[in-house]
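Colleague: Below is the structure I would like to discuss, written out as structure tokens.
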Amino acid sequence: MDVTNAIDCNGLSAAPTLLRIKQALVGLVDHALPLEILVDEGCDQERLRRSLGRHGGAVRLISRPQ
Amino acid sequence: MPDLNVDEIPSGASVPVSADGVSPEVPDFAFDPTDPWTETFQKGLERAGLSGKRIYEVGIGTGINVAFLLRMCGAAHVSGSDLDPRLVVLAERNVRSLAPEEANLFHPVRGEVSLIDTEEAQARIAETDVIIACLPQVGDPGDRRLTAFRKAQSVELPEGAGEKADDHIAHYYPWAAFDEYPFNSVGLGLNEALLRRIRDQAPTAQVIMNFGCRIGTGIIFEMFEANGFRPEKLHSQIVRQDAGTDISFFVMLEKALRGTGLEKDLVCVFFADEDAASPLSASEAQDLLDRDPDTPLFHEVCVIRAVPVAA
């Protein structure tokens with residue numbers, strides 16, 4: 001998968017990942033969405049998506065083997 | 001032989017003075033070396049077994065740690081650099097007065113050096129055993145993107161927090177400039193940037209870094225592990241929160257997690273007392289400051305040694 005302008009969250013646990021996503025979303029215009037988020041393979045994507053709440057639709061979570 | 005033992009020096013006064021009683025020169029633009037962060041760092045350095053080691057300090061400041069490493073720790077030689085070119089000149093003067101017999105073992109990298117981003121700094125780093133640093137962990141309150149994030153969390157910047165003291169760059173870093181680094185989300189972007197550079201330029205070198213643990217020690221350890229290092233705590237003590245450093249950065253991190261189900265995953269760690277018996281979140285600490293700006297607050301400072309896993 002070709003990923004460009006993705007936000008790298010590799011190495012982060014759930015809370016700092018969520019913070020990074022929220023920080024990245026501040027000030028972004030709609031046409032820049034969805035934002036691609038690189039997460040660890042072990043990331044609990046469902047939990048993270050639940051935590052994102054209304055922001056969930058603004059991001060696309062992507063994991064790939066390190 | 002060094003004639004001072006840091007354990008014999010009273011708390012808050014770890015700055016080594018030369019045998020003839022000379023004190024370091026400390027202009028306003030330099031981080032105050034009598035700050036307990038320096039004392040903590042030096043106790044950690046003393047425990048690190050640095051005799052005969054080649055050391056590089058990123059962010060050399062007044063040169064107080066250079067003098068300490070040469071006089072007290074028996075370092076083979078010390079190199080170092082700073083973002084503020086005035087500080088290297090100052091450090092040279094201070095090392096000459098505080099450690100005159102060892103001053104020839106100090107090899108400063110002159111000029112403005114961000115982290116280790118010059119050829120000379122990288123050449124020095126490549127022949128170094130141990131790299132030490134104590135870098136800011138709070139985004140600059142004036143950073144435009146950080147300001148936007150602060151507003152999104154409805155966190156006010158306390159009165160006066162946006163004013164720049166002479167030693168501003170010793171306390172804050174340009175947050176948005178380090179946003180490519182994942183741990184920037186919790187204020188560790190500058191530190192992570194240094195780890196990545198060390199991994200590239202000196203892959204077998206150890207790292208010893210001094211941290212304020214307001215964000216929690218666990219997440220600092222995670223940063224080392226994510227970047228290929230195995231961390232261990234060398235020394236730790238509780239210090240008073242610097243009255244001039246804005247803590248609303250930590251408040252906005254906590255607020256951004258409210259209502260997400262992850263609130264308990266990241267709670268900043270302050271204390272109401274120097275015995276660390278009464279923990280406070282950043283939000284609770286800020287509430288106390290809002291009621292009385294002179295409220296004493298405390299937090300842990302710890303010295304972490306990290307060894308590259310691949311080495």
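Just remember, in the structure tokens the first chain shown is A, the second B, etc., residues are 1-based per chain, and ligands are 1-based in the order shown.
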Please determine the contact residues of chain B with respect to chain A at a cut-off of 8 Å, counting only C-alpha atoms, and supply them as a list of chain:residue names.
Modeller: B:Arg145, B:Ala148, B:Phe149, B:Ala152, B:Glu180, B:Tyr181, B:Pro182, B:Phe183, B:Asn184, B:Ser185, B:Val186, B:Glu222, B:Met223, B:Ala226, B:Leu253, B:Ala256, B:Leu257, B:Thr260, B:Gly261, B:Leu262, B:Glu263, B:Asp265, B:Leu266
Colleague: Could you write out the selected residues, including N, CA and C atoms, as a CSV table (one decimal), in the first residue's frame?
Modeller:
chain,number,residue,atom,x,y,z
B,145,ARG,N,1.1,26.0,16.1
B,145,ARG,CA,0.3,24.7,16.0
B,145,ARG,C,-0.1,24.3,17.5
B,148,ALA,N,-3.0,26.3,18.6
B,148,ALA,CA,-4.2,25.9,18.0
B,148,ALA,C,-4.7,24.7,18.8
B,149,PHE,N,-3.8,23.8,19.1
B,149,PHE,CA,-4.3,22.6,19.9
B,149,PHE,C,-4.7,23.0,21.3
B,152,ALA,N,-8.1,24.3,21.0
B,152,ALA,CA,-9.1,23.2,20.8
B,152,ALA,C,-9.5,22.5,22.1
B,180,GLU,N,7.6,15.4,13.2
B,180,GLU,CA,7.8,14.1,12.4
B,180,GLU,C,8.0,13.0,13.4
B,181,TYR,N,8.4,13.3,14.6
B,181,TYR,CA,8.8,12.3,15.6
B,181,TYR,C,7.5,11.9,16.5
B,182,PRO,N,7.1,10.7,16.5
B,182,PRO,CA,5.9,10.3,17.2
B,182,PRO,C,5.7,10.8,18.6
B,183,PHE,N,6.8,10.7,19.4
B,183,PHE,CA,6.7,11.1,20.8
B,183,PHE,C,6.6,12.6,21.0
B,184,ASN,N,6.6,13.3,19.9
B,184,ASN,CA,6.4,14.8,20.0
B,184,ASN,C,5.0,15.0,20.6
B,185,SER,N,4.1,14.1,20.4
B,185,SER,CA,2.7,14.3,20.9
B,185,SER,C,2.7,14.5,22.4
B,186,VAL,N,3.7,14.0,23.2
B,186,VAL,CA,3.7,14.2,24.6
B,186,VAL,C,4.9,15.1,25.0
B,222,GLU,N,9.2,4.0,27.1
B,222,GLU,CA,8.6,3.6,25.8
B,222,GLU,C,9.3,4.3,24.6
B,223,MET,N,9.7,5.6,24.8
B,223,MET,CA,10.4,6.3,23.7
B,223,MET,C,11.7,5.6,23.4
B,226,ALA,N,11.2,2.3,21.7
B,226,ALA,CA,10.7,2.4,20.3
B,226,ALA,C,11.8,2.8,19.4
B,253,LEU,N,-2.8,18.0,27.4
B,253,LEU,CA,-2.7,16.6,27.1
B,253,LEU,C,-3.8,15.8,27.8
B,256,ALA,N,-7.3,16.6,26.5
B,256,ALA,CA,-7.5,16.0,25.2
B,256,ALA,C,-7.9,14.6,25.3
B,257,LEU,N,-7.6,13.9,26.4
B,257,LEU,CA,-8.0,12.5,26.6
B,257,LEU,C,-9.3,12.4,27.3
B,260,THR,N,-12.5,10.0,26.4
B,260,THR,CA,-12.1,9.1,25.3
B,260,THR,C,-12.0,7.6,25.8
B,261,GLY,N,-12.0,7.4,27.1
B,261,GLY,CA,-11.8,6.1,27.7
B,261,GLY,C,-10.3,5.8,27.9
B,262,LEU,N,-9.5,6.7,27.5
B,262,LEU,CA,-8.0,6.6,27.7
B,262,LEU,C,-7.4,7.5,28.8
B,263,GLU,N,-8.3,8.1,29.5
B,263,GLU,CA,-7.9,9.1,30.5
B,263,GLU,C,-6.9,8.5,31.5
B,265,ASP,N,-4.9,6.1,31.0
B,265,ASP,CA,-3.6,5.7,30.4
B,265,ASP,C,-2.5,6.7,30.4
B,266,LEU,N,-2.9,7.9,30.6
B,266,LEU,CA,-1.9,9.0,30.6
B,266,LEU,C,-2.3,10.1,31.6
Colleague: Residues at most 10 Å from region 271-274 of chain B, counting only C-alpha atoms, excluding those fewer than 4 positions away in the same chain, as a ChimeraX atom specification?
Modeller: /B:214,237-241,278-282,284-285,288,295-300
Colleague: Taking the DSSP assignment computed from this structure's backbone, write out as JSON, numbers by chain all residues of region 93-261 of chain B that belong to strand (DSSP E).
Modeller: {"B": [106, 107, 108, 109, 110, 111, 112, 130, 131, 132, 133, 206, 207, 208, 209, 210, 211, 212, 229, 230, 231, 232, 233, 234, 235, 236, 237, 238, 239, 240]}
Colleague: Chain A: which residues are helix (DSSP H, G or I) by DSSP, as a count of residues only?
Modeller: 29
Colleague: Which residues come within 10 Å of Pro85 (chain B), counting only C-alpha atoms, excluding same-chain residues fewer than 4 positions away, as a list in words?
Modeller: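 Result of the neighbour search: Gly61, Ser81, Val89, Leu90, Val109, Arg110, Gly111, Glu112 and Val113 of chain B.
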Colleague: Save out the residues we just selected, C-alpha atoms, as a compact mmCIF listing (two decimals), in the first residue's frame.
Modeller:
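Okay, selection.txt is ready:
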# COMPACT_ATOMS: atom_id res chain seq x y z
CA GLY B 61 25.10 25.27 28.86
CA SER B 81 27.97 21.90 21.68
CA VAL B 89 32.37 30.38 24.81
CA LEU B 90 31.06 30.64 28.35
CA VAL B 109 32.28 22.31 19.02
CA ARG B 110 31.83 26.03 18.44
CA GLY B 111 29.00 27.86 16.77
CA GLU B 112 25.26 27.29 16.73
CA VAL B 113 24.61 23.54 16.78
Colleague: One number please: CA of Gly189 (chain B) to CA of Tyr172 (chain B), in Å, one decimal.
Modeller: 11.4 Å
Colleague: Residues within 8 Å of Glu156 (chain B), please, as a ChimeraX atom specification. Count only C-alpha atoms; anything in the same chain fewer than 5 positions from it doesn't count.
Modeller: /B:150-151,248
Colleague: Rounded to one decimal, what separation in Å do you get between CA of Val138 (chain B) and CA of Lys255 (chain B)?
Modeller: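 Computing it gives 16.2 Å between the two atoms.
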